[in-house]
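One file, structure35.tsv, carrying TSV, C-alpha atoms:
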```
chain	number	residue	atom	x	y	z
A	1411	MET	CA	0.00	0.00	0.00
A	1412	THR	CA	1.32	3.42	-0.83
A	1413	THR	CA	0.50	6.75	0.72
A	1414	GLU	CA	-0.70	8.17	-2.59
A	1415	THR	CA	-4.37	7.89	-1.59
A	1416	ILE	CA	-4.08	10.62	1.05
A	1417	PRO	CA	-5.81	13.79	-0.23
A	1418	ALA	CA	-4.18	17.20	-0.01
A	1419	PRO	CA	-5.02	19.35	3.03
A	1420	ARG	CA	-8.12	21.51	2.67
A	1421	SER	CA	-6.33	24.82	2.94
A	1422	SER	CA	-2.97	25.52	1.40
A	1423	TYR	CA	-0.26	27.41	3.15
A	1424	ALA	CA	-0.29	31.21	2.83
A	1425	PRO	CA	3.21	32.63	3.32
A	1426	PRO	CA	3.52	35.40	5.92
A	1427	LYS	CA	3.67	38.96	4.72
A	1428	LYS	CA	7.23	39.71	3.63
A	1429	ARG	CA	8.77	42.82	5.07
A	1430	ARG	CA	11.73	44.37	3.30
A	1431	VAL	CA	14.05	44.12	6.29
A	1432	ASN	CA	13.59	41.82	9.27
A	1433	TRP	CA	14.38	44.32	12.02
A	1434	GLU	CA	13.73	41.87	14.84
A	1435	LYS	CA	16.38	39.46	13.59
A	1436	TRP	CA	19.00	42.14	12.95
A	1437	GLY	CA	18.15	43.85	16.23
A	1438	TRP	CA	18.67	40.59	18.09
A	1439	LEU	CA	21.98	40.00	16.34
A	1440	TYR	CA	23.08	43.62	16.91
A	1441	MET	CA	22.51	43.31	20.68
A	1442	ARG	CA	24.87	40.31	20.85
A	1443	ILE	CA	27.62	41.71	18.64
A	1444	SER	CA	27.56	45.22	20.14
A	1445	GLY	CA	27.48	43.60	23.60
A	1446	LEU	CA	30.81	41.90	22.89
A	1447	PHE	CA	32.38	45.18	21.73
A	1448	LEU	CA	30.92	47.08	24.69
A	1449	VAL	CA	32.54	44.74	27.23
A	1450	VAL	CA	35.98	45.77	25.89
A	1451	LEU	CA	35.10	49.42	25.23
A	1452	ILE	CA	33.43	50.10	28.59
A	1453	PHE	CA	35.98	48.34	30.78
A	1454	GLY	CA	38.84	49.93	28.82
A	1455	HIS	CA	37.18	53.32	29.28
A	1456	LEU	CA	36.65	52.75	33.01
A	1457	PHE	CA	40.20	51.48	33.56
A	1458	VAL	CA	41.90	54.40	31.78
A	1459	ASN	CA	39.68	57.02	33.44
A	1460	LEU	CA	39.40	55.64	36.97
A	1461	ALA	CA	42.19	53.17	37.72
A	1462	SER	CA	45.31	53.88	35.69
A	1463	GLY	CA	47.70	56.73	36.57
A	1464	ALA	CA	46.53	58.86	39.49
A	1465	GLY	CA	43.08	57.26	39.36
A	1466	VAL	CA	39.87	59.21	39.50
A	1467	ARG	CA	41.61	62.38	40.76
A	1468	GLU	CA	43.32	63.01	37.44
A	1469	ILE	CA	40.04	63.62	35.60
A	1470	ASP	CA	39.76	67.30	34.76
A	1471	PHE	CA	39.46	69.47	31.67
A	1472	ALA	CA	43.12	68.96	30.82
A	1473	PHE	CA	42.75	65.17	31.06
A	1474	ILE	CA	39.87	65.17	28.58
A	1475	ALA	CA	41.68	67.63	26.32
A	1476	GLY	CA	44.70	65.32	26.42
A	1477	LYS	CA	42.62	62.31	25.47
A	1478	TYR	CA	40.97	64.09	22.56
A	1479	ALA	CA	44.35	65.20	21.25
A	1480	THR	CA	44.97	61.61	20.11
A	1481	PRO	CA	42.99	59.98	17.28
A	1482	PHE	CA	42.96	56.70	19.26
A	1483	TRP	CA	40.61	58.07	21.93
A	1484	ILE	CA	38.49	59.89	19.37
A	1485	VAL	CA	37.82	56.60	17.59
A	1486	TRP	CA	37.38	54.73	20.92
A	1487	ASP	CA	34.82	57.22	22.24
A	1488	THR	CA	32.97	57.37	18.91
A	1489	LEU	CA	32.60	53.59	18.90
A	1490	LEU	CA	31.57	53.61	22.57
A	1491	LEU	CA	28.99	56.34	21.96
A	1492	TRP	CA	27.35	54.69	18.95
A	1493	PHE	CA	27.43	51.11	20.19
A	1494	ALA	CA	26.21	51.94	23.70
A	1495	LEU	CA	23.47	54.40	22.73
A	1496	ILE	CA	21.96	52.20	20.05
A	1497	HIS	CA	22.29	49.13	22.29
A	1498	GLY	CA	20.47	50.94	25.09
A	1499	ALA	CA	17.83	52.40	22.79
A	1500	ASN	CA	17.11	49.00	21.25
A	1501	GLY	CA	16.74	47.54	24.74
A	1502	MET	CA	14.27	50.28	25.68
A	1503	ARG	CA	12.38	49.68	22.43
A	1504	THR	CA	12.09	46.01	23.38
A	1505	ILE	CA	10.75	46.86	26.84
A	1506	VAL	CA	8.20	49.27	25.33
A	1507	ASN	CA	7.09	46.59	22.86
A	1508	ASP	CA	6.68	44.18	25.78
A	1509	TYR	CA	4.83	46.38	28.22
A	1510	ALA	CA	3.14	49.31	26.45
A	1511	HIS	CA	-0.13	47.90	25.16
A	1512	ARG	CA	-1.98	51.02	24.08
A	1513	VAL	CA	-1.11	51.87	20.49
A	1514	VAL	CA	-0.85	55.62	21.07
A	1515	LEU	CA	1.29	55.27	24.20
A	1516	ARG	CA	3.58	52.82	22.43
A	1517	ARG	CA	4.02	55.12	19.47
A	1518	VAL	CA	4.75	58.12	21.71
A	1519	LEU	CA	7.35	56.19	23.74
A	1520	LEU	CA	9.03	54.69	20.68
A	1521	THR	CA	9.21	58.11	19.02
A	1522	ALA	CA	10.65	59.65	22.20
A	1523	ILE	CA	13.34	56.96	22.32
A	1524	LEU	CA	14.19	57.44	18.64
A	1525	VAL	CA	14.36	61.25	18.88
A	1526	SER	CA	16.45	61.30	22.05
A	1527	THR	CA	18.85	58.70	20.62
A	1528	VAL	CA	19.35	60.63	17.39
A	1529	VAL	CA	19.83	63.94	19.23
A	1530	LEU	CA	22.37	62.41	21.63
A	1531	LEU	CA	24.24	60.67	18.82
A	1532	VAL	CA	24.51	63.88	16.78
A	1533	LEU	CA	25.48	66.01	19.80
A	1534	GLY	CA	28.01	63.49	21.08
A	1535	THR	CA	29.65	62.99	17.70
A	1536	LEU	CA	29.76	66.75	17.19
A	1537	VAL	CA	31.51	67.24	20.54
A	1538	ILE	CA	34.07	64.49	19.89
A	1539	TYR	CA	35.07	65.82	16.45
A	1540	THR	CA	34.84	69.59	16.99
A	1541	PHE	CA	36.39	69.64	20.47
A	1542	ASP	CA	39.03	72.35	20.69
A	1543	PRO	CA	40.37	73.12	24.18
A	1544	CYS	CA	41.99	76.36	23.01
A	1545	PRO	CA	39.63	78.16	20.60
A	1546	ALA	CA	41.36	80.90	18.70
A	1547	ASN	CA	38.90	83.74	19.39
A	1548	ALA	CA	38.32	83.06	23.07
A	1549	ALA	CA	38.18	85.92	25.54
A	1550	ALA	CA	41.32	86.45	27.54
A	1551	GLY	CA	41.44	84.64	30.88
A	1552	THR	CA	38.89	81.96	29.96
A	1553	LEU	CA	41.42	79.58	28.45
A	1554	PRO	CA	42.96	76.78	30.51
A	1555	THR	CA	46.57	77.23	31.60
A	1556	PHE	CA	48.02	74.66	29.21
A	1557	CYS	CA	47.02	76.64	26.13
A	1558	PRO	CA	49.84	78.41	24.28
A	1559	VAL	CA	49.92	82.12	25.07
A	1560	LYS	CA	49.54	84.27	22.01
B	389	MET	CA	-6.61	-17.62	41.13
B	390	SER	CA	-4.49	-15.32	39.11
B	391	THR	CA	-3.22	-13.26	42.00
B	392	ALA	CA	0.48	-12.60	42.03
B	393	ILE	CA	0.69	-12.93	45.82
B	394	ALA	CA	1.70	-16.40	46.97
B	395	GLU	CA	-1.06	-17.93	49.01
B	396	GLY	CA	-0.28	-18.67	52.59
B	397	ALA	CA	2.39	-16.02	52.77
B	398	PRO	CA	2.42	-14.21	56.12
B	399	ALA	CA	0.41	-11.03	55.84
B	400	THR	CA	2.92	-8.29	56.56
B	401	PRO	CA	1.27	-5.42	58.40
B	402	ILE	CA	1.27	-2.39	56.17
B	403	ALA	CA	2.03	0.77	58.09
B	404	GLU	CA	-0.71	3.32	57.81
B	405	VAL	CA	0.25	6.24	55.59
B	406	PRO	CA	0.45	9.27	57.87
B	407	SER	CA	-2.10	11.94	57.19
B	408	PHE	CA	-1.90	15.67	57.73
B	409	THR	CA	-3.97	18.77	57.17
B	410	VAL	CA	-3.01	21.01	54.28
B	411	THR	CA	-4.38	24.43	53.51
B	412	LEU	CA	-5.02	25.21	49.86
B	413	ILE	CA	-5.64	28.80	48.87
B	414	ILE	CA	-7.32	28.74	45.49
B	415	ARG	CA	-7.92	31.70	43.21
B	416	ARG	CA	-11.64	31.49	42.46
B	417	PHE	CA	-13.53	33.22	39.70
B	418	ASP	CA	-17.13	32.69	38.71
B	419	PRO	CA	-17.94	34.81	35.64
B	420	ASP	CA	-21.66	34.81	36.53
B	421	VAL	CA	-21.14	36.33	39.97
B	422	ASP	CA	-17.66	37.84	40.31
B	423	THR	CA	-16.15	40.83	38.57
B	424	GLU	CA	-12.68	40.09	39.95
B	425	PRO	CA	-11.05	36.79	40.98
B	426	HIS	CA	-10.62	36.27	44.73
B	427	TRP	CA	-8.67	33.84	46.95
B	428	GLN	CA	-10.51	31.21	48.99
B	429	ASP	CA	-8.87	28.80	51.41
B	430	PHE	CA	-9.74	25.16	52.10
B	431	ASP	CA	-8.38	22.84	54.80
B	432	VAL	CA	-8.25	19.19	53.74
B	433	GLU	CA	-6.98	16.03	55.39
B	434	MET	CA	-4.48	14.45	53.00
B	435	HIS	CA	-1.84	11.73	52.90
B	436	GLY	CA	1.82	11.93	51.94
B	437	THR	CA	1.13	9.87	48.84
B	438	ASP	CA	-1.43	12.37	47.56
B	439	ARG	CA	-0.94	14.91	44.82
B	440	VAL	CA	-2.30	18.43	44.49
B	441	LEU	CA	-4.89	17.01	42.09
B	442	ASP	CA	-6.14	14.65	44.86
B	443	ALA	CA	-6.56	17.65	47.15
B	444	LEU	CA	-8.55	19.45	44.44
B	445	HIS	CA	-10.70	16.34	43.97
B	446	LYS	CA	-11.34	16.15	47.69
B	447	ILE	CA	-12.42	19.79	47.75
B	448	LYS	CA	-14.66	19.38	44.70
B	449	TRP	CA	-16.21	16.09	45.81
B	450	GLU	CA	-16.57	16.73	49.56
B	451	ILE	CA	-16.46	20.47	50.29
B	452	ASP	CA	-17.38	22.69	47.35
B	453	GLY	CA	-18.74	21.17	44.16
B	454	SER	CA	-18.56	24.46	42.31
B	455	LEU	CA	-14.75	24.37	42.14
B	456	SER	CA	-13.86	24.07	38.45
B	457	PHE	CA	-10.68	22.71	36.94
B	458	ARG	CA	-9.65	20.60	33.96
B	459	ARG	CA	-8.27	17.11	34.28
B	460	SER	CA	-8.57	14.07	32.13
B	461	CYS	CA	-6.08	11.24	32.51
B	462	ALA	CA	-4.78	12.43	35.92
B	463	HIS	CA	-1.44	10.76	35.25
B	464	GLY	CA	0.66	13.39	33.52
B	465	VAL	CA	-0.05	12.40	29.92
B	466	CYS	CA	-3.03	14.41	28.68
B	467	GLY	CA	-1.75	17.83	29.76
B	468	SER	CA	-5.11	19.15	30.98
B	469	ASP	CA	-4.33	20.22	34.53
B	470	ALA	CA	-1.47	22.69	34.18
B	471	MET	CA	-1.84	25.34	36.88
B	472	ARG	CA	0.24	27.74	38.94
B	473	ILE	CA	1.12	25.99	42.20
B	474	ASN	CA	2.97	28.21	44.69
B	475	GLY	CA	3.81	30.56	41.83
B	476	ARG	CA	5.27	27.90	39.53
B	477	ASN	CA	3.57	26.27	36.57
B	478	ARG	CA	3.08	22.59	37.34
B	479	LEU	CA	0.77	19.71	36.48
B	480	ALA	CA	-1.47	19.16	39.51
B	481	CYS	CA	-1.35	15.41	38.83
B	482	LYS	CA	2.45	15.27	38.97
B	483	THR	CA	2.99	17.46	42.04
B	484	LEU	CA	3.11	15.48	45.29
B	485	LEU	CA	1.99	17.29	48.41
B	486	LYS	CA	5.00	15.94	50.34
B	487	ASP	CA	7.32	17.76	47.91
B	488	LEU	CA	5.70	21.08	48.79
B	489	ASP	CA	6.12	22.91	52.09
B	490	ILE	CA	2.87	21.79	53.76
B	491	THR	CA	3.51	23.84	56.90
B	492	LYS	CA	2.48	26.79	54.77
B	493	PRO	CA	-0.64	27.16	52.64
B	494	ILE	CA	-0.42	25.99	49.03
B	495	TYR	CA	-1.45	28.65	46.56
B	496	VAL	CA	-3.19	27.34	43.46
B	497	GLU	CA	-4.32	29.51	40.56
B	498	ALA	CA	-4.95	29.30	36.84
B	499	ILE	CA	-2.05	29.65	34.41
B	500	LYS	CA	-1.39	33.25	33.43
B	501	GLY	CA	-1.51	35.01	30.08
B	502	LEU	CA	-4.60	33.24	28.72
B	503	PRO	CA	-8.17	34.54	29.25
B	504	LEU	CA	-9.57	33.26	32.56
B	505	GLU	CA	-12.90	31.48	32.14
B	506	LYS	CA	-13.69	30.03	35.55
B	507	ASP	CA	-11.63	29.17	38.65
B	508	LEU	CA	-8.65	27.20	37.27
B	509	ILE	CA	-9.92	27.02	33.68
B	510	VAL	CA	-8.53	29.30	31.00
B	511	ASP	CA	-9.44	29.74	27.34
B	512	MET	CA	-6.86	27.64	25.46
B	513	ASP	CA	-7.93	28.80	21.98
B	514	PRO	CA	-5.15	31.41	21.48
B	515	PHE	CA	-2.63	28.79	22.59
B	516	PHE	CA	-3.82	26.24	20.04
B	517	GLU	CA	-4.11	28.91	17.33
B	518	SER	CA	-0.39	29.65	17.56
B	519	PHE	CA	0.29	25.89	17.68
B	520	LYS	CA	-1.63	25.49	14.43
B	521	ALA	CA	0.18	28.45	12.87
B	522	VAL	CA	3.55	26.66	12.85
B	523	GLN	CA	2.05	23.76	10.81
B	524	PRO	CA	2.86	20.93	13.23
B	525	PHE	CA	2.60	18.06	10.77
B	526	LEU	CA	5.01	16.17	8.53
B	527	MET	CA	5.57	17.80	5.15
B	528	ALA	CA	7.14	15.30	2.78
B	529	SER	CA	6.85	15.02	-0.99
B	530	SER	CA	8.27	11.49	-1.24
B	531	LYS	CA	5.77	8.64	-1.39
B	532	PRO	CA	7.67	5.58	-0.22
B	533	GLU	CA	6.28	2.05	-0.52
B	534	LYS	CA	6.97	1.41	3.16
B	535	GLU	CA	8.17	3.77	5.88
B	536	ARG	CA	10.49	6.78	5.60
B	537	LEU	CA	13.81	5.58	6.96
B	538	GLN	CA	15.77	7.49	9.55
B	539	SER	CA	18.97	6.72	11.45
B	540	VAL	CA	19.14	6.56	15.24
B	541	VAL	CA	21.21	9.75	15.29
B	542	GLN	CA	18.70	11.57	13.07
B	543	ARG	CA	15.86	10.50	15.36
B	544	GLU	CA	17.84	11.54	18.44
B	545	ARG	CA	18.22	15.07	17.03
B	546	PHE	CA	14.62	16.08	17.79
B	547	ASP	CA	13.76	13.48	20.44
B	548	ASP	CA	13.47	16.04	23.25
B	549	THR	CA	10.77	18.08	21.56
B	550	THR	CA	8.61	15.06	20.68
B	551	LYS	CA	7.70	14.76	24.38
B	552	CYS	CA	5.40	17.81	24.39
B	553	ILE	CA	1.87	17.18	25.69
B	554	LEU	CA	0.57	20.72	24.94
B	555	CYS	CA	-0.30	21.52	28.55
B	556	ALA	CA	0.67	25.21	28.07
B	557	ALA	CA	2.79	25.24	31.24
B	558	CYS	CA	5.79	26.62	29.31
B	559	THR	CA	3.95	29.23	27.27
B	560	SER	CA	2.04	30.59	30.26
B	561	SER	CA	5.19	30.76	32.43
B	562	CYS	CA	6.84	33.32	30.17
B	563	PRO	CA	6.89	37.03	31.19
B	564	VAL	CA	6.90	37.99	27.51
B	565	PHE	CA	3.73	35.97	26.88
B	566	TRP	CA	2.00	37.46	29.95
B	567	THR	CA	2.15	40.94	28.45
B	568	ASP	CA	2.21	40.13	24.73
B	569	GLY	CA	-0.46	37.68	23.70
B	570	GLN	CA	0.71	37.90	20.08
B	571	TYR	CA	3.93	36.01	20.90
B	572	PHE	CA	3.85	32.57	19.29
B	573	GLY	CA	4.72	30.98	22.59
B	574	HIS	CA	6.95	28.12	23.55
B	575	ALA	CA	4.77	25.12	22.84
B	576	ALA	CA	4.37	26.30	19.25
B	577	ILE	CA	8.13	26.78	18.86
B	578	VAL	CA	8.85	23.42	20.51
B	579	ASN	CA	6.50	21.66	18.10
B	580	ALA	CA	7.99	23.56	15.15
B	581	HIS	CA	11.44	22.45	16.36
B	582	ARG	CA	10.22	18.85	16.38
B	583	PHE	CA	9.64	19.05	12.62
B	584	ILE	CA	12.35	21.56	11.65
B	585	PHE	CA	15.03	19.16	12.91
B	586	ASP	CA	13.30	16.02	11.56
B	587	SER	CA	15.33	14.65	8.63
B	588	ARG	CA	12.16	13.32	6.96
B	589	ASP	CA	10.45	16.70	6.90
B	590	GLU	CA	10.82	19.15	4.00
B	591	GLY	CA	8.96	22.15	5.45
B	592	ALA	CA	11.74	23.49	7.66
B	593	GLN	CA	12.15	26.68	5.64
B	594	VAL	CA	8.42	27.40	5.78
B	595	ARG	CA	8.39	27.08	9.58
B	596	LEU	CA	11.60	29.08	10.01
B	597	ASP	CA	10.00	31.88	7.96
B	598	ILE	CA	6.95	31.84	10.22
B	599	LEU	CA	9.04	31.98	13.40
B	600	ASN	CA	11.44	34.60	11.98
B	601	ASP	CA	8.76	37.17	12.74
B	602	LYS	CA	8.29	40.16	15.01
B	603	GLU	CA	6.29	37.90	17.33
B	604	GLY	CA	8.47	34.86	16.69
B	605	VAL	CA	11.60	33.51	18.36
B	606	TRP	CA	13.24	36.94	18.71
B	607	ARG	CA	10.82	37.73	21.54
B	608	CYS	CA	12.59	35.14	23.70
B	609	ARG	CA	14.69	36.66	26.51
B	610	THR	CA	16.07	33.32	27.75
B	611	THR	CA	14.61	33.61	31.26
B	612	PHE	CA	14.39	29.79	31.46
B	613	ASN	CA	10.94	29.91	33.13
B	614	CYS	CA	9.71	27.54	30.44
B	615	THR	CA	12.43	24.94	30.99
B	616	ASP	CA	11.62	25.01	34.71
B	617	ALA	CA	7.89	24.70	34.06
B	618	CYS	CA	7.87	21.82	31.55
B	619	PRO	CA	6.40	18.72	33.23
B	620	ARG	CA	8.05	16.53	30.60
B	621	GLY	CA	11.52	17.94	31.22
B	622	ILE	CA	11.87	19.36	27.71
B	623	GLU	CA	14.72	21.84	27.45
B	624	VAL	CA	12.43	24.48	25.97
B	625	THR	CA	14.86	27.40	26.07
B	626	LYS	CA	17.49	25.29	24.30
B	627	ALA	CA	14.98	24.33	21.60
B	628	ILE	CA	14.15	28.00	21.02
B	629	ALA	CA	17.86	28.84	20.85
B	630	GLU	CA	18.36	26.11	18.25
B	631	VAL	CA	15.53	27.53	16.13
B	632	LYS	CA	17.17	30.98	16.37
B	633	GLN	CA	20.44	29.45	15.21
B	634	ALA	CA	18.69	27.69	12.33
B	635	ILE	CA	17.16	31.00	11.19
B	636	LEU	CA	20.50	32.84	11.43
B	637	LYS	CA	22.39	30.11	9.58
B	638	GLY	CA	19.63	29.61	7.01
B	639	SER	CA	19.12	25.89	7.53
B	640	PRO	CA	18.68	23.43	10.42
B	641	GLU	CA	21.50	21.23	9.10
B	642	ARG	CA	24.05	23.93	9.86
B	643	VAL	CA	23.15	24.15	13.56
B	644	SER	CA	25.80	22.44	15.64
B	645	ILE	CA	24.50	20.12	18.31
B	646	ALA	CA	25.32	21.26	21.81
B	647	LEU	CA	25.49	18.30	24.12
```
Produce C-alpha cells that represent the structure in this file.
Amino acid sequence: MTTETIPAPRSSYAPPKKRRVNWEKWGWLYMRISGLFLVVLIFGHLFVNLASGAGVREIDFAFIAGKYATPFWIVWDTLLLWFALIHGANGMRTIVNDYAHRVVLRRVLLTAILVSTVVLLVLGTLVIYTFDPCPANAAAGTLPTFCPVK
Amino acid sequence: MSTAIAEGAPATPIAEVPSFTVTLIIRRFDPDVDTEPHWQDFDVEMHGTDRVLDALHKIKWEIDGSLSFRRSCAHGVCGSDAMRINGRNRLACKTLLKDLDITKPIYVEAIKGLPLEKDLIVDMDPFFESFKAVQPFLMASSKPEKERLQSVVQRERFDDTTKCILCAACTSSCPVFWTDGQYFGHAAIVNAHRFIFDSRDEGAQVRLDILNDKEGVWRCRTTFNCTDACPRGIEVTKAIAEVKQAILKGSPERVSIAL
C-alpha cells in the first residue's frame, strides 16, 4: 500500500507577509555583537579614566583635552557612543514593545526613544570631532593654563 | 486464582500512611457572579502519597462542588491540569503534596496570560491557534512504498521536543507571553522544532519563515521559566535557541548540536 491515496489538506499554506528588512532578527543579532564590543570598550574606558595613573583624581578638563588630542581616543569614544546608545535604545524599544499595550502610548514612547537617541548621537559625535580646548577667538582669561599664550 | 501474591504467605502489616492537614488557597472566579477573581482557602486532610490534584478532587467532591478545573487522565499524559502551584507552573497530577512545604498554605491559581474562564480554567484557543500556525505536521513530498527511513542519530536530534503534551505550562510561564499575547509561545516553537530538525520533513524553511517574525523567536529573553515549568523535562529554552540558530544560519543542518 502506498501513501498516494491521502488527499491534499483543505487549505494551502499562505506565506507570511514579507517585510523588506527583518528588524527583529538584525536587532537581536546587533545586541549580541555590540554587547561583545561594549565589554571591551566600557571596561577599557573605566580602567583608563578611573584606575590607571593617578586614578579618578586626574580627571579634569586637561585630562579630557589630552585624550581628545589623540585619534585613538576619538575613535574609541565614537565607537563607545554609537554602540552603547543604540544598544540601550534597542533595549528600551524592546521593553516598550513588551509592556506598552496602548497603540498611542507605544508610538509616543518609541518616538521619544528614537528622537532622544538621534539627538544624543549627533550632539556626542559633534563634541568628539569639533572639540578644541583652546579656541582661537576666546576671551582672555577663559582659556585653561596649558594653552599656548599668544 | 491469578493473583500474584503467593497464598499462605504471612500477611505483613502495612504501616498506615500518615495523614496531615493542608491548607489550599485557590484563586476562584465565577464569571456569573464575580467581577474580579478572589482567593478562597480550604483545609483538607491528605496523605503523603497524595498529589495536588487529589486535594482538588477532595475539595470538589466533599467540600465545594462548584470548584472548576480541567483534568482528564490524571497521570501526567493528557496535559489538561497545568496550573500555577505556589507561583510555579506545574501539572497538579504530577505534584506530590509531600514535595511542597505543607507547613504553609499551598497557593493554586490558573495559568497566566490566557483569558480566565472560571476558577482554574482558561481559554486555550489562542494557545492552540499559535500551535496550528507553525504547521505541526510532517511535510514530505516522497511517497515511499513502506516507511520513511531514519537513522538513530537523526531521530535523536529532535527526540526532546517530541515529548510535548501541549499543557501550556511553558507558554504561560513566560513574562513575555503574559504581556504580549501575540507572541507565538513556547509550545508552538517546541513543536515547530520537532519538525524543523526532523530529517524526513521538508517544510523546515516554511516554519523558520513563520518563526522569523516580530512575534516569533526573537521575543525570547532566555529567562528559562519555560524549561523550569515543563512537566516533561523538555529543554524548551534550548529548543528556542536552536531555532534561532537555524534561522540565522539559514538551515537546520548547519546548527551544531550542543550536548
Got a sec: who's within 12 Å of Val1537 (chain A), counting all atoms listed in the file, leaving out chain neighbours fewer than 3 positions off, as a PDB file with C-alpha atoms, keeping the file's coordinate frame?
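Output saved as selection.pdb:
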```
ATOM      1  CA  ILE A1474      39.870  65.170  28.580  1.00  0.00           C
ATOM      2  CA  ALA A1475      41.680  67.630  26.320  1.00  0.00           C
ATOM      3  CA  TYR A1478      40.970  64.090  22.560  1.00  0.00           C
ATOM      4  CA  ILE A1484      38.490  59.890  19.370  1.00  0.00           C
ATOM      5  CA  ASP A1487      34.820  57.220  22.240  1.00  0.00           C
ATOM      6  CA  THR A1488      32.970  57.370  18.910  1.00  0.00           C
ATOM      7  CA  LEU A1491      28.990  56.340  21.960  1.00  0.00           C
ATOM      8  CA  LEU A1530      22.370  62.410  21.630  1.00  0.00           C
ATOM      9  CA  LEU A1531      24.240  60.670  18.820  1.00  0.00           C
ATOM     10  CA  VAL A1532      24.510  63.880  16.780  1.00  0.00           C
ATOM     11  CA  LEU A1533      25.480  66.010  19.800  1.00  0.00           C
ATOM     12  CA  GLY A1534      28.010  63.490  21.080  1.00  0.00           C
ATOM     13  CA  THR A1540      34.840  69.590  16.990  1.00  0.00           C
ATOM     14  CA  PHE A1541      36.390  69.640  20.470  1.00  0.00           C
ATOM     15  CA  ASP A1542      39.030  72.350  20.690  1.00  0.00           C
ATOM     16  CA  PRO A1543      40.370  73.120  24.180  1.00  0.00           C
TER      17      PRO A1543
END
```
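Using all atoms listed in the file, the protein and nucleic acid residues lying no more than 10 Å from Phe1447 (chain A), apart from those fewer than 5 places from it along its own chain, are Arg1442, Ile1452, Leu1489, Leu1490, Phe1493 and Ala1494 of chain A.
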Restrict the selected residues to C-alpha atoms and save them as a tab-separated table (two decimals), in the frame of the given file.
```tsv
chain	number	residue	atom	x	y	z
A	1442	ARG	CA	24.87	40.31	20.85
A	1452	ILE	CA	33.43	50.10	28.59
A	1489	LEU	CA	32.60	53.59	18.90
A	1490	LEU	CA	31.57	53.61	22.57
A	1493	PHE	CA	27.43	51.11	20.19
A	1494	ALA	CA	26.21	51.94	23.70
```
Protein, DNA and RNA residues within 12 Å of (17.8, 45.5, 18.8), only C-alpha atoms, as an NGL selection string: (:A and (1432-1445 or 1493-1505 or 1507)) or (:B and (602 or 606-607))
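For the pair CA of His581 (chain B) and CA of Thr611 (chain B), the separation is 18.9 Å.
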Contacts of chain B with chain A up to 10 Å, shortest pair per row, only C-alpha atoms, as a tab-separated table:
```
residue	atom	partner	partner_atom	distance
B:Ala521	CA	A:Tyr1423	CA	9.8
B:Gln523	CA	A:Tyr1423	CA	8.8
B:Ser530	CA	A:Thr1413	CA	9.3
B:Lys531	CA	A:Thr1413	CA	6.0
B:Pro532	CA	A:Thr1412	CA	6.7
B:Glu533	CA	A:Thr1412	CA	5.2
B:Lys534	CA	A:Thr1412	CA	7.2
B:Glu535	CA	A:Thr1412	CA	9.6
B:Pro563	CA	A:Asp1508	CA	9.0
B:Val564	CA	A:Asp1508	CA	6.4
B:Phe565	CA	A:Asp1508	CA	8.8
B:Trp566	CA	A:Asp1508	CA	9.2
B:Thr567	CA	A:Tyr1509	CA	6.1
B:Asp568	CA	A:Asp1508	CA	6.1
B:Gly569	CA	A:Asp1508	CA	9.9
B:Tyr571	CA	A:Asp1508	CA	9.9
B:Val594	CA	A:Pro1425	CA	7.8
B:Arg595	CA	A:Pro1425	CA	9.8
B:Asp597	CA	A:Pro1426	CA	7.7
B:Ile598	CA	A:Pro1426	CA	6.6
B:Leu599	CA	A:Pro1426	CA	9.9
B:Asn600	CA	A:Lys1435	CA	7.1
B:Asp601	CA	A:Glu1434	CA	7.2
B:Lys602	CA	A:Glu1434	CA	5.7
B:Glu603	CA	A:Glu1434	CA	8.8
B:Gly604	CA	A:Glu1434	CA	9.0
B:Val605	CA	A:Lys1435	CA	9.0
B:Trp606	CA	A:Glu1434	CA	6.3
B:Arg607	CA	A:Glu1434	CA	8.4
B:Cys608	CA	A:Trp1438	CA	9.9
B:Lys632	CA	A:Lys1435	CA	9.0
B:Ile635	CA	A:Lys1435	CA	8.8
B:Leu636	CA	A:Lys1435	CA	8.1
```
Please dump the current selection as a CSV table (one decimal), in the coordinates of the input; keep C-alpha atoms.
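selection_27.csv written:
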```csv
chain,number,residue,atom,x,y,z
B,521,ALA,CA,0.2,28.4,12.9
B,523,GLN,CA,2.0,23.8,10.8
B,530,SER,CA,8.3,11.5,-1.2
B,531,LYS,CA,5.8,8.6,-1.4
B,532,PRO,CA,7.7,5.6,-0.2
B,533,GLU,CA,6.3,2.0,-0.5
B,534,LYS,CA,7.0,1.4,3.2
B,535,GLU,CA,8.2,3.8,5.9
B,563,PRO,CA,6.9,37.0,31.2
B,564,VAL,CA,6.9,38.0,27.5
B,565,PHE,CA,3.7,36.0,26.9
B,566,TRP,CA,2.0,37.5,30.0
B,567,THR,CA,2.2,40.9,28.4
B,568,ASP,CA,2.2,40.1,24.7
B,569,GLY,CA,-0.5,37.7,23.7
B,571,TYR,CA,3.9,36.0,20.9
B,594,VAL,CA,8.4,27.4,5.8
B,595,ARG,CA,8.4,27.1,9.6
B,597,ASP,CA,10.0,31.9,8.0
B,598,ILE,CA,7.0,31.8,10.2
B,599,LEU,CA,9.0,32.0,13.4
B,600,ASN,CA,11.4,34.6,12.0
B,601,ASP,CA,8.8,37.2,12.7
B,602,LYS,CA,8.3,40.2,15.0
B,603,GLU,CA,6.3,37.9,17.3
B,604,GLY,CA,8.5,34.9,16.7
B,605,VAL,CA,11.6,33.5,18.4
B,606,TRP,CA,13.2,36.9,18.7
B,607,ARG,CA,10.8,37.7,21.5
B,608,CYS,CA,12.6,35.1,23.7
B,632,LYS,CA,17.2,31.0,16.4
B,635,ILE,CA,17.2,31.0,11.2
B,636,LEU,CA,20.5,32.8,11.4
```
Selection: 12 Å around Phe1556 (chain A), all atoms listed in the file, excl. self and same-chain fewer than 4 positions, as a list in words: Phe1471, Ala1472, Phe1473, Ala1475, Gly1476, Pro1543, Cys1544 and Thr1552 of chain A
Take the residues just selected and output them with C-alpha atoms as a CSV table (one decimal), keeping the file's coordinate frame.
```
chain,number,residue,atom,x,y,z
A,1471,PHE,CA,39.5,69.5,31.7
A,1472,ALA,CA,43.1,69.0,30.8
A,1473,PHE,CA,42.8,65.2,31.1
A,1475,ALA,CA,41.7,67.6,26.3
A,1476,GLY,CA,44.7,65.3,26.4
A,1543,PRO,CA,40.4,73.1,24.2
A,1544,CYS,CA,42.0,76.4,23.0
A,1552,THR,CA,38.9,82.0,30.0
```
